[in-house]
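Remarks on the structure that follows.
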Amino acid sequence: MYSIRAVLVLAAVVLVTGGMGMECQTALCTADRPVFNPMTGKCEPEGGDDVIIPGGRSFPPGPGTGGLRTEPDTDTSMADDSDPDAVDLAIFGLNGRWHALDNDRLSCIVHAGTTMTSTLIEQRVCEHLDPDPYPETITYTFADLEGTVDGDMITGTTIVCAYLNSDPALNGIFLNPMMLMISPDGKTLSGTYIFDDEVRPFSLERQTVGDCRTEEQQDNDAFSRVQIPEIQTDHLGRGEGSR
């Protein structure tokens, strides 16, 4: 009889201790991940599989997504999942959210056939920083990349912010030549762009798979607000620029 009571008391102590541990963990969870999951030992967002990541909401990986999360309403039923570490480019193409490693910006790529367009999720500010006597001016754009896809290569243009030129007409946002290679697993774009006759490297890493189309892409308006120079080589040796 005494042994049975001892077991029951011990079980009660374990339950209370476990409950207190869960309450402490829950109190440490952040506002964007308020739910403590005792199965994983981690804090999770509300909404089940629907989570907020930079740039929007996403869902767990599906077949052919290479283990990457998917954009809302992405149909993965037709994707080839024979290589679980690779994105099925035949089904999803380059569509999804991408993170540029050179400037830390997030963009949405829309890819259809041989055409791809990358539009920034947050508007970019290009400060001209004109030397005296010219006043400092600022240009805005959502445009990022646009190009033609041929096999595993993309050729086209990327946005460059030019500044510190003595001629204010050469400061602002310009389209410069670029090329990118698509990695075999469909998760990385790496290549170069040209500024002032200088070849500079840049790359993007895929964050999600599926349609993350921004309002600018829906309106087909992102590239209508881009200033295009008449002669690209006029930049030579006169200022600075960055993607």
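Going by the structure tokens order, chains are called A, B, ..., each with residues numbered from 1, while ligands are numbered from 1 in the order shown.
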
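Here the DSSP assignment of helix (DSSP H, G or I), based on backbone atoms, applies within segment 76-232 of chain A to Leu89, Ala90, Ile91, Phe92, Pro168, Ala169, Leu170, Glu215, Glu216, Gln217, Gln218, Asp219, Ala222, Phe223, Ser224, Arg225 and Gln232 of chain A.
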
Next item on the list: Write out as a list in words each polymer residue whose atoms come within 10 Å of Thr157 of chain A, counting only C-alpha atoms; drop sequence neighbours fewer than 6 positions from it.
Entry: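 So the residues in contact are Thr117, Asp144, Leu145, Glu146, Gly147, Thr148, Phe174, Leu175, Asn176, Pro177, Met178, Met179, Tyr193 and Ile194 of chain A.
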
Store the residues picked out above in a file with N, CA and C atoms, as a PDB file, in the first residue's frame.
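This is the output file result-v3.pdb:
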ATOM      1  N   THR A 117      11.766  37.788 -64.318  1.00  0.00           N
ATOM      2  CA  THR A 117      11.832  39.129 -63.753  1.00  0.00           C
ATOM      3  C   THR A 117      11.916  39.013 -62.242  1.00  0.00           C
ATOM      4  N   ASP A 144      14.678  44.961 -59.998  1.00  0.00           N
ATOM      5  CA  ASP A 144      15.883  44.281 -59.533  1.00  0.00           C
ATOM      6  C   ASP A 144      16.625  43.642 -60.701  1.00  0.00           C
ATOM      7  N   LEU A 145      16.044  42.606 -61.296  1.00  0.00           N
ATOM      8  CA  LEU A 145      16.656  41.893 -62.417  1.00  0.00           C
ATOM      9  C   LEU A 145      15.610  41.599 -63.479  1.00  0.00           C
ATOM     10  N   GLU A 146      16.050  41.511 -64.714  1.00  0.00           N
ATOM     11  CA  GLU A 146      15.220  40.907 -65.753  1.00  0.00           C
ATOM     12  C   GLU A 146      16.151  40.281 -66.788  1.00  0.00           C
ATOM     13  N   GLY A 147      15.735  39.134 -67.324  1.00  0.00           N
ATOM     14  CA  GLY A 147      16.620  38.457 -68.249  1.00  0.00           C
ATOM     15  C   GLY A 147      15.952  37.349 -69.025  1.00  0.00           C
ATOM     16  N   THR A 148      16.750  36.720 -69.872  1.00  0.00           N
ATOM     17  CA  THR A 148      16.315  35.603 -70.701  1.00  0.00           C
ATOM     18  C   THR A 148      16.983  34.332 -70.203  1.00  0.00           C
ATOM     19  N   PHE A 174      20.336  52.756 -62.740  1.00  0.00           N
ATOM     20  CA  PHE A 174      20.618  52.394 -64.121  1.00  0.00           C
ATOM     21  C   PHE A 174      20.515  50.890 -64.303  1.00  0.00           C
ATOM     22  N   LEU A 175      20.262  50.478 -65.528  1.00  0.00           N
ATOM     23  CA  LEU A 175      20.264  49.061 -65.895  1.00  0.00           C
ATOM     24  C   LEU A 175      21.637  48.696 -66.445  1.00  0.00           C
ATOM     25  N   ASN A 176      22.266  47.687 -65.851  1.00  0.00           N
ATOM     26  CA  ASN A 176      23.591  47.261 -66.287  1.00  0.00           C
ATOM     27  C   ASN A 176      23.575  45.786 -66.688  1.00  0.00           C
ATOM     28  N   PRO A 177      24.451  45.389 -67.610  1.00  0.00           N
ATOM     29  CA  PRO A 177      24.471  43.990 -68.069  1.00  0.00           C
ATOM     30  C   PRO A 177      24.812  43.028 -66.936  1.00  0.00           C
ATOM     31  N   MET A 178      24.198  41.844 -66.969  1.00  0.00           N
ATOM     32  CA  MET A 178      24.502  40.815 -65.981  1.00  0.00           C
ATOM     33  C   MET A 178      24.310  39.441 -66.612  1.00  0.00           C
ATOM     34  N   MET A 179      24.925  38.435 -66.003  1.00  0.00           N
ATOM     35  CA  MET A 179      24.685  37.039 -66.366  1.00  0.00           C
ATOM     36  C   MET A 179      24.714  36.201 -65.106  1.00  0.00           C
ATOM     37  N   TYR A 193      27.898  41.076 -62.780  1.00  0.00           N
ATOM     38  CA  TYR A 193      27.324  42.223 -63.489  1.00  0.00           C
ATOM     39  C   TYR A 193      28.455  43.191 -63.790  1.00  0.00           C
ATOM     40  N   ILE A 194      28.206  44.131 -64.696  1.00  0.00           N
ATOM     41  CA  ILE A 194      29.247  45.058 -65.139  1.00  0.00           C
ATOM     42  C   ILE A 194      28.880  46.469 -64.715  1.00  0.00           C
TER      43      ILE A 194
END

Checklist line | Top pick for closest residue to Gly151 of chain A, considering A:Thr115, A:Thr139, A:Thr192, A:Asn95 and counting only C-alpha atoms | finding: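 Using only C-alpha atoms, the shortest distance to Gly151 of chain A belongs to A:Thr115.
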
Contacts of Asp73 of chain A within 12 Å, only C-alpha atoms, excl. fewer than 4 positions in-chain, as an mmCIF file with N, CA and C atoms, in the first residue's frame:
data_model
loop_
_atom_site.group_PDB
_atom_site.id
_atom_site.type_symbol
_atom_site.label_atom_id
_atom_site.label_comp_id
_atom_site.auth_asym_id
_atom_site.auth_seq_id
_atom_site.Cartn_x
_atom_site.Cartn_y
_atom_site.Cartn_z
ATOM 1 N N ASP A 50 1.205 27.235 -41.494
ATOM 2 C CA ASP A 50 1.319 28.551 -42.106
ATOM 3 C C ASP A 50 2.218 29.415 -41.223
ATOM 4 N N ARG A 57 4.175 34.851 -46.239
ATOM 5 C CA ARG A 57 3.858 33.605 -45.559
ATOM 6 C C ARG A 57 4.307 32.430 -46.420
ATOM 7 N N SER A 58 4.602 31.313 -45.764
ATOM 8 C CA SER A 58 5.008 30.125 -46.510
ATOM 9 C C SER A 58 4.551 28.876 -45.783
ATOM 10 N N PHE A 59 4.658 27.743 -46.471
ATOM 11 C CA PHE A 59 4.154 26.478 -45.981
ATOM 12 C C PHE A 59 5.246 25.410 -46.083
ATOM 13 N N PRO A 60 5.050 24.258 -45.456
ATOM 14 C CA PRO A 60 6.081 23.221 -45.466
ATOM 15 C C PRO A 60 6.446 22.779 -46.877
ATOM 16 N N GLY A 62 7.054 20.626 -50.221
ATOM 17 C CA GLY A 62 6.302 19.575 -50.887
ATOM 18 C C GLY A 62 7.213 18.805 -51.816
ATOM 19 N N ARG A 69 10.560 25.688 -48.273
ATOM 20 C CA ARG A 69 9.153 25.966 -48.020
ATOM 21 C C ARG A 69 8.499 26.517 -49.274
ATOM 22 N N SER A 77 1.758 18.618 -56.693
ATOM 23 C CA SER A 77 1.319 17.251 -56.995
ATOM 24 C C SER A 77 1.990 16.672 -58.235
ATOM 25 N N VAL A 209 9.662 28.256 -52.856
ATOM 26 C CA VAL A 209 9.273 27.786 -54.190
ATOM 27 C C VAL A 209 7.814 28.167 -54.413
ATOM 28 N N GLY A 210 7.510 28.703 -55.591
ATOM 29 C CA GLY A 210 6.126 29.027 -55.919
ATOM 30 C C GLY A 210 5.938 30.489 -56.248
ATOM 31 N N ASP A 211 4.686 30.898 -56.399
ATOM 32 C CA ASP A 211 4.335 32.242 -56.843
ATOM 33 C C ASP A 211 4.307 33.194 -55.653
ATOM 34 N N CYS A 212 5.266 34.130 -55.600
ATOM 35 C CA CYS A 212 5.265 35.163 -54.549
ATOM 36 C C CYS A 212 5.136 36.535 -55.195
#

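Distance-wise, atom CA of Arg206 of chain A and atom CA of Val149 of chain A end up 16.5 Å apart.
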
Notebook entry, point to check: Counting only C-alpha atoms, which of A:Ser224, A:Thr76, A:Gln218, A:Thr188 gets nearest to Arg97 of chain A?
Noted result: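 The shortest atom-to-atom distance to Arg97 of chain A comes from A:Thr188.
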
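Using only C-alpha atoms, the shortest contact distance between Val125 of chain A and any of A:Ile154, A:Phe92, A:Tyr163, A:Ser183 is found at A:Tyr163.
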
Surrounding residues of Leu129 of chain A excluding itself and chain neighbours under 3 positions, 7 Å, only C-alpha atoms, as an mmCIF file with N, CA and C atoms, in the first residue's frame:
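Contents of selection34.cif, freshly written:
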data_model
loop_
_atom_site.group_PDB
_atom_site.id
_atom_site.type_symbol
_atom_site.label_atom_id
_atom_site.label_comp_id
_atom_site.auth_asym_id
_atom_site.auth_seq_id
_atom_site.Cartn_x
_atom_site.Cartn_y
_atom_site.Cartn_z
ATOM 1 N N GLU A 136 21.986 66.810 -52.756
ATOM 2 C CA GLU A 136 21.773 65.371 -52.623
ATOM 3 C C GLU A 136 20.362 65.041 -53.106
ATOM 4 N N THR A 137 20.240 64.020 -53.936
ATOM 5 C CA THR A 137 18.929 63.612 -54.430
ATOM 6 C C THR A 137 18.749 62.106 -54.247
ATOM 7 N N TYR A 163 26.420 56.722 -57.847
ATOM 8 C CA TYR A 163 26.476 57.906 -56.989
ATOM 9 C C TYR A 163 27.890 58.488 -56.982
ATOM 10 N N LEU A 164 28.006 59.693 -56.443
ATOM 11 C CA LEU A 164 29.274 60.422 -56.331
ATOM 12 C C LEU A 164 29.888 60.762 -57.686
#

Next item on the list: Please return as number ranges by chain: the residues of segment 34-170 of chain A that backbone DSSP assigns to strand (DSSP E).
Entry: A: 35-37, 42-44, 51-53, 56-58, 69-70, 96-100, 106-112, 115-127, 138-150, 153-163

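Excluding segment 101-109 of chain A itself and any same-chain residue fewer than 3 positions from it, the protein and nucleic acid residues within 7 Å of it, counting only C-alpha atoms, are A:Leu94, A:Asn95, A:Gly96, A:Arg97, A:Trp98, A:Met116, A:Thr117, A:Ser118, A:Thr119, A:Leu120, A:Ile121, A:Phe202, A:Ser203, A:Leu204, A:Cys212, A:Arg213, A:Thr214, A:Arg243.
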
Item checked: Two-atom distance - atom CA of Pro63 of chain A, atom CA of Asp80 of chain A (Å) -> 6.7 Å

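Taking atom CA of Gly64 of chain A and atom CA of Glu205 of chain A as endpoints, the distance between them is 16.9 Å.
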